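Here is data08.txt, consisting of compact mmCIF, C-alpha atoms:
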# COMPACT_ATOMS: atom_id res chain seq x y z
CA MET A 1 -2.58 10.84 -6.94
CA HIS A 2 -1.87 7.52 -5.28
CA GLU A 3 1.56 8.96 -4.43
CA MET A 4 -0.28 10.77 -1.63
CA SER A 5 -1.53 7.40 -0.36
CA LEU A 6 1.98 5.99 -0.59
CA ALA A 7 3.46 8.99 1.23
CA GLU A 8 0.94 8.42 4.04
CA GLY A 9 2.04 4.78 4.11
CA VAL A 10 5.67 5.84 4.43
CA LEU A 11 4.86 8.28 7.24
CA GLN A 12 2.92 5.57 9.09
CA LEU A 13 5.92 3.19 9.01
CA VAL A 14 8.28 6.01 10.03
CA GLU A 15 6.05 7.13 12.92
CA GLU A 16 5.62 3.58 14.23
CA THR A 17 9.36 2.99 14.16
CA ALA A 18 10.26 6.36 15.67
CA MET A 19 7.78 5.86 18.50
CA ARG A 20 9.09 2.36 19.23
CA GLU A 21 12.65 3.68 19.34
CA ASN A 22 11.78 6.67 21.56
CA ALA A 23 13.07 9.08 18.94
CA GLN A 24 12.68 12.83 19.30
CA ARG A 25 13.14 13.59 15.65
CA VAL A 26 13.51 11.87 12.29
CA LYS A 27 16.40 13.30 10.27
CA LEU A 28 16.48 11.06 7.22
CA VAL A 29 14.12 8.64 5.48
CA VAL A 30 15.55 6.24 2.90
CA LEU A 31 13.18 4.62 0.39
CA GLU A 32 13.85 2.04 -2.31
CA ILE A 33 11.72 2.67 -5.39
CA GLY A 34 12.02 0.23 -8.26
CA ARG A 35 12.03 1.59 -11.76
CA LEU A 36 9.21 -0.80 -12.69
CA SER A 37 7.05 0.06 -9.66
CA SER A 38 3.93 2.14 -10.10
CA VAL A 39 5.26 5.24 -8.38
CA GLU A 40 6.73 8.44 -9.69
CA PRO A 41 9.64 9.43 -7.39
CA GLU A 42 9.24 13.19 -7.90
CA ALA A 43 5.51 13.06 -7.17
CA LEU A 44 6.21 10.96 -4.08
CA ARG A 45 8.81 13.50 -2.93
CA PHE A 46 6.29 16.31 -3.30
CA CYS A 47 3.63 14.38 -1.37
CA PHE A 48 6.08 13.32 1.34
CA GLU A 49 6.88 16.94 2.14
CA ALA A 50 3.18 17.66 2.39
CA VAL A 51 2.30 14.76 4.71
CA VAL A 52 5.26 15.04 7.14
CA ASP A 53 4.43 18.66 7.93
CA GLY A 54 3.82 18.84 11.70
CA SER A 55 4.81 15.20 12.28
CA ILE A 56 7.90 13.74 13.96
CA ALA A 57 9.44 13.56 10.48
CA HIS A 58 8.95 17.27 9.82
CA GLY A 59 12.00 18.57 7.94
CA ALA A 60 13.42 15.07 7.37
CA VAL A 61 15.53 14.58 4.28
CA LEU A 62 13.98 12.09 1.84
CA GLU A 63 16.48 9.91 0.02
CA ILE A 64 15.08 7.77 -2.80
CA VAL A 65 17.26 4.87 -3.90
CA ASP A 66 16.58 4.02 -7.54
CA VAL A 67 16.40 0.24 -7.99
CA PRO A 68 17.10 -0.80 -11.61
CA GLY A 69 14.52 -2.90 -13.45
CA VAL A 70 15.37 -6.51 -14.27
CA GLY A 71 13.39 -8.86 -16.48
CA TRP A 72 13.59 -12.47 -17.64
CA CYS A 73 13.83 -12.61 -21.44
CA MET A 74 12.29 -15.81 -22.76
CA PRO A 75 14.09 -15.96 -26.14
CA CYS A 76 17.47 -15.13 -24.52
CA GLY A 77 16.77 -17.35 -21.53
CA GLU A 78 18.43 -14.94 -19.13
CA SER A 79 17.94 -11.85 -16.98
CA VAL A 80 18.34 -8.53 -18.77
CA ALA A 81 18.06 -4.87 -17.82
CA MET A 82 14.54 -3.41 -18.16
CA ASP A 83 13.84 0.32 -18.21
CA GLU A 84 10.06 0.30 -18.66
CA ALA A 85 7.17 -2.05 -17.97
CA PHE A 86 6.55 -3.07 -21.58
CA GLY A 87 10.06 -2.43 -22.86
CA ALA A 88 12.03 -4.54 -25.31
CA CYS A 89 14.98 -6.79 -24.47
CA PRO A 90 18.21 -4.79 -24.96
CA ARG A 91 19.90 -7.93 -26.33
CA CYS A 92 17.41 -9.42 -28.82
CA GLY A 93 14.66 -6.80 -29.11
CA SER A 94 11.93 -9.25 -27.99
CA TYR A 95 8.98 -8.05 -25.93
CA GLN A 96 8.64 -11.40 -24.18
CA LEU A 97 9.97 -10.04 -20.92
CA GLN A 98 8.76 -10.87 -17.42
CA PRO A 99 9.75 -8.28 -14.79
CA THR A 100 11.68 -9.96 -11.97
CA GLY A 101 13.27 -7.01 -10.15
CA GLY A 102 12.79 -3.29 -9.69
CA THR A 103 9.09 -3.53 -8.80
CA GLU A 104 9.59 -2.78 -5.10
CA MET A 105 8.42 0.20 -3.06
CA ARG A 106 10.02 -0.06 0.36
CA VAL A 107 11.08 1.99 3.34
CA ARG A 108 14.68 0.86 3.85
CA GLU A 109 15.74 2.78 6.96
CA ILE A 110 15.46 6.02 8.88
CA GLU A 111 17.90 8.12 10.87
CA ILE A 112 16.57 9.26 14.23
CA GLU A 113 17.78 11.12 17.28
CA MET B 1 -11.29 6.76 5.95
CA CYS B 2 -8.72 4.70 4.19
CA THR B 3 -6.27 3.58 6.85
CA VAL B 4 -3.66 2.66 4.28
CA CYS B 5 -3.31 6.00 2.69
CA GLY B 6 -5.46 8.42 4.64
CA CYS B 7 -6.80 9.68 1.35
CA GLY B 8 -10.15 11.31 1.65
CA ALA B 9 -9.94 11.28 5.43
CA GLY B 10 -13.45 11.53 6.77
CA GLU B 11 -14.88 11.55 3.28
CA ALA B 12 -14.80 7.86 2.37
CA LYS B 13 -18.30 6.57 2.85
CA VAL B 14 -19.97 3.23 2.65
CA GLU B 15 -23.45 3.87 1.32
CA GLY B 16 -23.84 7.26 2.94
CA GLU B 17 -22.34 6.42 6.34
CA ALA B 18 -19.00 7.90 7.19
CA SER B 19 -16.80 4.92 7.88
CA GLU B 20 -15.57 6.21 11.21
CA ASP B 21 -16.20 3.07 13.20
CA SER B 22 -12.56 2.24 13.49
CA HIS B 23 -9.89 4.30 15.13
CA GLU B 24 -6.42 4.07 16.51
CA HIS B 25 -5.12 4.24 20.06
CA THR B 26 -1.68 4.93 21.35
CA HIS B 27 -0.75 3.54 24.76
CA VAL B 28 2.23 4.40 26.92
CA HIS B 29 3.09 1.66 29.39
CA GLU B 30 4.69 2.11 32.77
CA ASP B 31 8.02 0.93 31.48
CA GLY B 32 7.94 3.65 28.86
CA THR B 33 7.21 1.47 25.84
CA VAL B 34 4.68 2.86 23.44
CA HIS B 35 2.50 1.05 20.99
CA SER B 36 -0.51 1.84 18.92
CA HIS B 37 -3.27 -0.32 17.52
CA ALA B 38 -6.53 0.05 15.73
CA HIS B 39 -9.85 -1.40 16.76
CA GLU B 40 -13.47 -1.12 15.95
CA GLN B 41 -15.89 0.45 18.30
CA GLY B 42 -17.93 -1.92 20.39
CA GLN B 43 -16.05 -4.98 19.29
CA GLU B 44 -13.49 -7.13 20.97
CA HIS B 45 -10.03 -6.73 19.68
CA ALA B 46 -6.59 -8.14 20.04
CA HIS B 47 -3.40 -6.21 19.77
CA GLU B 48 0.25 -7.01 19.65
CA HIS B 49 2.83 -5.38 21.81
CA GLY B 50 6.06 -4.72 20.00
CA GLU B 51 8.17 -4.11 23.08
CA ALA B 52 11.90 -4.41 23.01
CA PRO B 53 13.23 -7.10 25.37
CA LEU B 54 13.73 -5.53 28.79
CA GLY B 55 17.26 -4.93 29.93
CA VAL B 56 18.87 -5.37 26.53
CA HIS B 57 21.09 -2.58 25.34
CA SER B 58 24.45 -1.93 23.79
CA HIS B 59 27.56 -0.16 25.01
CA THR B 60 30.31 1.61 23.18
CA HIS B 61 33.79 1.34 24.69
CA ARG B 62 36.72 3.52 23.83
CA HIS B 63 40.12 1.92 24.35
CA ALA B 64 43.39 3.64 25.17
CA ASP B 65 44.59 3.26 21.58
CA GLY B 66 41.55 5.23 20.36
CA SER B 67 39.71 2.28 18.83
CA GLU B 68 36.07 1.77 19.68
CA HIS B 69 33.86 -1.24 19.83
CA SER B 70 30.31 -1.79 20.88
CA HIS B 71 28.46 -4.83 22.14
CA ALA B 72 25.00 -5.70 23.31
CA HIS B 73 24.27 -7.44 26.56
CA THR B 74 21.36 -8.41 28.70
CA HIS B 75 21.01 -7.92 32.39
CA VAL B 76 18.39 -7.33 35.01
CA GLY B 77 18.70 -4.14 37.01
CA GLU B 78 20.18 -0.81 36.18
CA HIS B 79 23.69 0.47 35.99
CA ALA B 80 25.55 3.74 36.11
CA HIS B 81 28.49 5.07 34.19
CA GLU B 82 30.97 6.58 36.59
CA GLN B 83 31.97 10.13 35.93
CA GLY B 84 35.52 11.11 35.11
CA HIS B 85 37.02 7.77 34.21
CA GLU B 86 39.10 7.05 31.16
CA HIS B 87 37.86 3.60 30.29
CA HIS B 88 34.14 2.86 30.32
CA HIS B 89 33.13 0.15 32.65
CA HIS B 90 29.78 -0.66 34.08
CA GLU B 91 28.46 -1.99 37.32
CA HIS B 92 25.38 -4.10 37.53
CA GLY B 93 22.69 -4.05 40.12
CA ILE B 94 23.16 -0.43 41.27
CA ALA B 95 20.08 1.75 41.05
CA ALA B 96 20.87 5.07 39.37
CA ASP B 97 19.23 7.82 37.40
CA LEU B 98 21.84 8.32 34.71
CA ASP B 99 20.93 6.13 31.80
CA TYR B 100 22.80 6.78 28.60
CA GLY B 101 21.14 3.75 27.09
CA SER B 102 17.70 5.31 27.05
CA GLY B 103 18.28 7.46 23.97
CA PRO B 104 17.60 6.12 20.50
CA ALA B 105 21.23 5.06 20.10
CA ARG B 106 20.97 2.82 23.22
CA ALA B 107 24.60 3.74 23.84
CA HIS B 108 26.72 6.67 24.73
CA ALA B 109 29.98 7.83 23.23
CA PRO B 110 31.48 11.16 24.31
CA GLY B 111 30.94 13.91 21.78
CA LEU B 112 28.53 11.93 19.62
CA SER B 113 24.83 12.75 19.34
CA GLN B 114 22.19 10.13 19.97
CA SER B 115 21.49 9.93 16.24
CA ARG B 116 21.40 6.54 14.53
CA MET B 117 20.00 4.61 11.62
CA VAL B 118 17.12 2.18 12.12
CA GLN B 119 16.43 -0.49 9.53
CA ILE B 120 12.79 -0.77 8.51
CA GLU B 121 12.88 -2.81 5.29
CA GLN B 122 9.13 -2.85 4.85
CA ASP B 123 6.88 -2.53 1.85
CA ILE B 124 5.16 0.85 1.68
CA LEU B 125 1.96 -0.98 0.82
CA GLY B 126 2.46 -3.52 3.62
CA LYS B 127 -0.68 -2.53 5.52
CA ASN B 128 -2.87 -2.70 2.43
CA ASN B 129 -1.32 -6.02 1.45
CA ALA B 130 -2.12 -7.43 4.90
CA TYR B 131 -5.78 -6.44 4.57
CA ALA B 132 -5.83 -7.87 1.04
CA ALA B 133 -4.31 -11.16 2.23
CA ALA B 134 -7.00 -11.43 4.92
CA ASN B 135 -9.71 -10.83 2.29
CA ARG B 136 -8.12 -13.41 -0.02
CA GLN B 137 -8.06 -16.02 2.73
CA TRP B 138 -11.68 -15.24 3.55
CA PHE B 139 -12.64 -15.76 -0.12
CA ASP B 140 -10.59 -18.96 -0.38
CA GLU B 141 -12.13 -20.52 2.72
CA ARG B 142 -15.61 -19.98 1.28
CA GLY B 143 -14.89 -20.87 -2.33
CA ILE B 144 -15.84 -17.37 -3.50
CA LEU B 145 -14.54 -16.08 -6.83
CA ALA B 146 -13.62 -12.41 -6.39
CA LEU B 147 -12.82 -10.24 -9.40
CA ASN B 148 -11.59 -6.64 -9.40
CA LEU B 149 -12.79 -4.74 -12.48
CA VAL B 150 -10.52 -1.87 -13.45
CA SER B 151 -10.62 0.60 -16.33
CA SER B 152 -10.80 4.26 -17.20
CA PRO B 153 -14.14 6.01 -16.50
CA GLY B 154 -16.73 5.33 -19.18
CA SER B 155 -15.23 2.17 -20.65
CA GLY B 156 -18.34 0.22 -19.72
CA LYS B 157 -17.50 -1.54 -16.45
CA THR B 158 -20.99 -1.17 -15.03
CA ALA B 159 -22.67 -2.14 -18.32
CA VAL B 160 -20.49 -5.26 -18.54
CA LEU B 161 -21.42 -6.10 -14.95
CA VAL B 162 -25.15 -5.61 -15.55
CA ARG B 163 -25.10 -7.91 -18.60
CA THR B 164 -22.92 -10.49 -16.86
CA ILE B 165 -25.23 -10.54 -13.85
CA GLU B 166 -28.32 -10.95 -16.04
CA LEU B 167 -26.73 -13.97 -17.70
CA LEU B 168 -25.29 -15.60 -14.57
CA LYS B 169 -27.66 -14.78 -11.72
CA VAL B 170 -29.75 -17.91 -12.30
CA LYS B 171 -26.65 -20.09 -11.92
CA VAL B 172 -24.68 -18.47 -9.10
CA ALA B 173 -25.22 -16.07 -6.22
CA ILE B 174 -23.65 -12.68 -6.97
CA SER B 175 -22.83 -9.63 -4.88
CA VAL B 176 -21.23 -6.43 -6.06
CA VAL B 177 -19.14 -3.62 -4.58
CA GLU B 178 -19.19 -0.35 -6.48
CA GLY B 179 -16.41 2.20 -6.04
CA ASP B 180 -16.86 5.82 -7.07
CA GLN B 181 -15.84 9.18 -5.68
CA GLN B 182 -19.45 10.28 -5.33
CA THR B 183 -23.04 9.07 -5.90
CA SER B 184 -24.60 5.64 -5.63
CA ASN B 185 -25.79 5.64 -9.25
CA ASP B 186 -23.83 2.52 -10.16
CA ALA B 187 -25.01 0.51 -7.15
CA GLU B 188 -28.57 1.41 -8.11
CA ARG B 189 -28.00 0.13 -11.65
CA ILE B 190 -26.70 -3.15 -10.22
CA ARG B 191 -29.58 -3.47 -7.73
CA ALA B 192 -32.03 -3.09 -10.61
CA THR B 193 -30.85 -6.53 -11.78
CA GLY B 194 -31.97 -8.03 -8.47
CA VAL B 195 -28.58 -8.74 -6.86
CA THR B 196 -27.11 -7.14 -3.73
CA ALA B 197 -24.79 -4.18 -4.26
CA LEU B 198 -22.91 -1.87 -1.92
CA GLN B 199 -21.63 1.53 -2.98
CA ILE B 200 -18.36 2.80 -1.54
CA ASN B 201 -17.69 6.50 -2.07
CA THR B 202 -14.00 7.24 -1.80
CA GLY B 203 -14.40 11.01 -1.40
CA LYS B 204 -11.12 12.48 -2.56
CA GLY B 205 -9.61 9.00 -2.92
CA CYS B 206 -8.65 7.61 -6.29
CA HIS B 207 -8.93 3.85 -5.66
CA LEU B 208 -10.47 1.18 -3.46
CA ASP B 209 -8.16 -0.47 -0.92
CA GLY B 210 -8.07 -3.75 0.96
CA HIS B 211 -9.47 -2.21 4.12
CA MET B 212 -12.56 -0.78 2.37
CA VAL B 213 -13.27 -4.13 0.73
CA GLY B 214 -12.91 -5.89 4.10
CA HIS B 215 -15.66 -3.64 5.47
CA ALA B 216 -17.76 -4.31 2.39
CA LEU B 217 -17.46 -8.07 3.08
CA GLU B 218 -18.77 -7.55 6.61
CA ARG B 219 -21.75 -5.67 5.25
CA LEU B 220 -22.55 -7.79 2.19
CA LYS B 221 -21.78 -11.24 3.69
CA PRO B 222 -21.45 -12.95 0.31
CA ALA B 223 -22.68 -16.57 0.19
CA ASP B 224 -20.28 -19.52 -0.02
CA GLU B 225 -19.25 -20.43 -3.58
CA SER B 226 -20.68 -17.17 -4.91
CA LEU B 227 -19.32 -14.58 -7.31
CA PHE B 228 -18.03 -11.37 -5.73
CA LEU B 229 -17.53 -8.55 -8.21
CA ILE B 230 -15.68 -5.37 -7.30
CA GLU B 231 -15.99 -2.42 -9.65
CA ASN B 232 -13.05 -0.19 -8.83
CA VAL B 233 -12.95 3.57 -9.22
CA GLY B 234 -12.63 4.48 -12.91
CA ASN B 235 -8.93 5.21 -13.10
CA LEU B 236 -6.18 3.56 -15.12
CA VAL B 237 -3.38 4.51 -12.73
CA CYS B 238 -3.89 4.13 -8.98
CA PRO B 239 -5.99 0.94 -8.61
CA ALA B 240 -3.09 -0.97 -10.23
CA ALA B 241 -1.04 -0.68 -7.04
CA PHE B 242 -3.70 -1.69 -4.51
CA ASP B 243 -4.40 -5.38 -4.02
CA LEU B 244 -7.94 -5.97 -2.74
CA GLY B 245 -7.62 -9.72 -2.21
CA GLU B 246 -9.21 -10.59 -5.55
CA GLN B 247 -8.28 -13.68 -7.57
CA HIS B 248 -7.89 -11.64 -10.74
CA LYS B 249 -7.85 -8.05 -11.87
CA VAL B 250 -9.97 -7.72 -15.02
CA ALA B 251 -9.12 -4.69 -17.18
CA ILE B 252 -11.76 -3.36 -19.55
CA LEU B 253 -10.70 -1.37 -22.57
CA SER B 254 -13.21 0.17 -24.97
CA VAL B 255 -12.09 0.58 -28.56
CA THR B 256 -12.95 4.28 -28.60
CA GLU B 257 -10.21 4.95 -26.04
CA GLY B 258 -7.52 4.18 -28.60
CA GLU B 259 -5.42 1.09 -29.17
CA ASP B 260 -2.36 2.61 -27.48
CA LYS B 261 -3.95 2.69 -24.02
CA PRO B 262 -1.86 -0.26 -22.75
CA LEU B 263 1.29 1.57 -23.82
CA LYS B 264 0.18 4.79 -22.15
CA TYR B 265 -0.89 3.09 -18.91
CA PRO B 266 1.35 0.02 -18.64
CA ASP B 267 1.04 -0.52 -14.88
CA MET B 268 -2.65 -1.32 -14.99
CA PHE B 269 -2.43 -3.63 -17.99
CA ARG B 270 0.52 -5.43 -16.43
CA ALA B 271 -1.38 -5.87 -13.15
CA ALA B 272 -4.46 -7.32 -14.89
CA ASP B 273 -4.77 -11.04 -15.70
CA VAL B 274 -7.73 -10.63 -18.07
CA LEU B 275 -8.47 -7.93 -20.64
CA LEU B 276 -11.98 -7.42 -22.03
CA LEU B 277 -12.21 -5.42 -25.23
CA ASN B 278 -15.48 -3.50 -25.12
CA LYS B 279 -17.65 -1.48 -27.55
CA CYS B 280 -16.34 -3.57 -30.44
CA ASP B 281 -19.47 -2.71 -32.41
CA LEU B 282 -17.96 0.75 -32.80
CA LEU B 283 -14.74 -0.61 -34.26
CA PRO B 284 -15.59 -0.21 -37.98
CA THR B 285 -16.61 3.38 -37.38
CA TRP B 286 -13.55 4.03 -35.30
CA ASN B 287 -11.13 2.73 -37.91
CA SER B 288 -12.57 4.46 -40.99
CA THR B 289 -14.39 7.65 -40.10
CA PRO B 290 -14.11 9.92 -37.10
CA ILE B 291 -16.66 8.67 -34.63
CA TRP B 292 -18.65 11.88 -34.39
CA ARG B 293 -19.52 11.75 -38.15
CA LYS B 294 -21.22 8.40 -38.07
CA PRO B 295 -23.39 7.84 -35.02
CA THR B 296 -24.15 4.20 -34.30
CA PRO B 297 -26.54 2.81 -31.73
CA ALA B 298 -24.76 2.62 -28.43
CA GLY B 299 -25.51 0.20 -25.66
CA SER B 300 -24.84 -3.12 -27.33
CA ILE B 301 -21.98 -4.93 -25.75
CA ARG B 302 -19.90 -7.78 -26.99
CA SER B 303 -17.55 -8.85 -24.33

This entry written out as structure tokens:
Amino acid sequence: MHEMSLAEGVLQLVEETAMRENAQRVKLVVLEIGRLSSVEPEALRFCFEAVVDGSIAHGAVLEIVDVPGVGWCMPCGESVAMDEAFGACPRCGSYQLQPTGGTEMRVREIEIE
Amino acid sequence: MCTVCGCGAGEAKVEGEASEDSHEHTHVHEDGTVHSHAHEQGQEHAHEHGEAPLGVHSHTHRHADGSEHSHAHTHVGEHAHEQGHEHHHHEHGIAADLDYGSGPARAHAPGLSQSRMVQIEQDILGKNNAYAAANRQWFDERGILALNLVSSPGSGKTAVLVRTIELLKVKVAISVVEGDQQTSNDAERIRATGVTALQINTGKGCHLDGHMVGHALERLKPADESLFLIENVGNLVCPAAFDLGEQHKVAILSVTEGEDKPLKYPDMFRAADVLLLNKCDLLPTWNSTPIWRKPTPAGSIRS
């Protein structure tokens, strides 16, 4: 359940920002979760609702932006789409892929009032 | 508790002591800025103030043709918006109590709420990564090799450590951190070899984090140019995401777990730089006959 840890990390960033900006309420939290990151968006959503209860972000809408996976295929010598960590190259079928994008887990922005 | 995730709040323990020696403060300054920082009891600490520059704010103007524009400006002193005028203008240097710039939007436009978007653009694991980077620098400065051993429970992490320590302890100083939800059984097994070990109990937590390992360093004080071994909580999922500051993650896979483990748990095997295949003496049994039909002596390790 490291999604619970990640949700706590999100709340910490949101609370710090909201406090700095003198916000009364957080209405929206936008996350970027890469498809090759080690987080399950639905589990994170569940945990987020649990951890924001009673905080400044209580009732905030959680928007998760899905970031597509990108990998460098060695035989092809170019960047290709990657759907899973040990997936095959959609062009040549090789497994010699190095993930280069879609591994991020970030808080992009929040809406406050 | 783990300050990154808050998991197991009040339950994470370092060798029986609740790790409650650090805590956070929130200060409100006279000018209304707020900041928080953590520090350890009884120790000096430094903290950064993230205050916005004083007197900087933005205005929104509405022109006669209905178009709007906003701009930021800096000034010293306060200003008031006059009531009942058609075009916004502002006067500097007049003390007043009406401040439409004090809301989160830092601006006022008739009929609009003070709601606005704030860019954060930060890694969710940023705090943990900062602790891990501090640990890594600490290791680098002292020429310490730090390894983070990860695997499912029962794959033989502690047995591999015990054998490794027996072989290497005459050549290099070794200290060990043991991570488990409960008990100090593993630390006791390590101490039986004669090296220093510290048990961290994560309570409800599922992984070690950079902050816990930082505390372990303070307690263990590993020698320069020594070997620092971290046995993570037995778990093939969560420890993959948490950098501890180690040079390498070492994954251990025992043959009895099944050869498709890396496909089932790709994050961990992708995060690891080294893979040790353990319990290989059971391989013939595993391939031909179900393991429960043909008991073989356990305990021998080829790694």

Interface residues on chain A facing chain B, 6 Å, all atoms listed in the file, written as number ranges by chain: A: 2, 5, 8-10, 21-23, 105-113

Computed interatomic separation between CA of Ile200 (chain B) and CA of Arg219 (chain B) (Å):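 One can read the CA of Ile200 (chain B) to CA of Arg219 (chain B) distance as 11.4 Å.
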
Atom-to-atom span, CA of Ala272 (chain B) and CA of Leu36 (chain A), Å: 15.3 Å

Near-region 151-158 of chain B list (10 Å; only C-alpha atoms; drop same-chain fewer than 3 positions) as number ranges by chain: B: 161-164, 178, 180, 186-187, 189-190, 231-237, 239-240, 250-257, 261, 268-269, 275-279, 299, 301

Residue among B:Asp273, B:Thr183, B:Thr285, B:Ile165 lying closest to Gly203 (chain B), counting only C-alpha atoms: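 Using only C-alpha atoms, the shortest distance to Gly203 (chain B) belongs to B:Thr183.
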
If the box runs along x, y and z of the file and leaves 8 Å on each side of region 202-212 of chain B, what are its centre and edge lengths in Å, one decimal, as AutoDock Vina command-line options?
--center_x -11.2 --center_y 4.4 --center_z -1.1 --size_x 22.3 --size_y 32.2 --size_z 26.4

Coordinates-based distance that separates CA of Ala133 (chain B) from CA of His248 (chain B) (Å, one decimal): 13.5 Å

Shell around Pro41 (chain A) at 8 Å using all atoms listed in the file, local window under 4 positions removed, as a list in words: Ile33, Arg45 and Ile64 of chain A

Surrounding residues of Gln182 (chain B) excluding itself and chain neighbours under 3 positions, 10 Å, only C-alpha atoms, as a PyMOL selection string: chain B and resi 11-13+16+179+185+199-204

Gly77 (chain A) environment, 12 Å, all atoms listed in the file, sequence neighbours closer than 6 positions dropped, as a list in words: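 What passes the distance filter is Gly71, Cys89, Arg91, Cys92, Ser94, Gln96, Leu97 and Gln98 of chain A.
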
Leu11 (chain A) surroundings by only C-alpha atoms, 12 Å radius, close-in-sequence under 2 positions cut, as a ChimeraX atom specification: /A:4-9,13-19,26,28-31,44,47-58,60,62,106-107,110 /B:4-6,124-125

Option closest in space to Pro99 (chain A), from B:Leu283, B:Ala271, B:Pro222, B:His215 [counting all atoms listed in the file]: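 Of B:Leu283, B:Ala271, B:Pro222, B:His215, the one nearest Pro99 (chain A) is B:Ala271, counting all atoms listed in the file.
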
Pick from A:Pro75, A:Glu32, A:Phe86, A:Val67 nearest to Gly101 (chain A), counting all atoms listed in the file: A:Val67
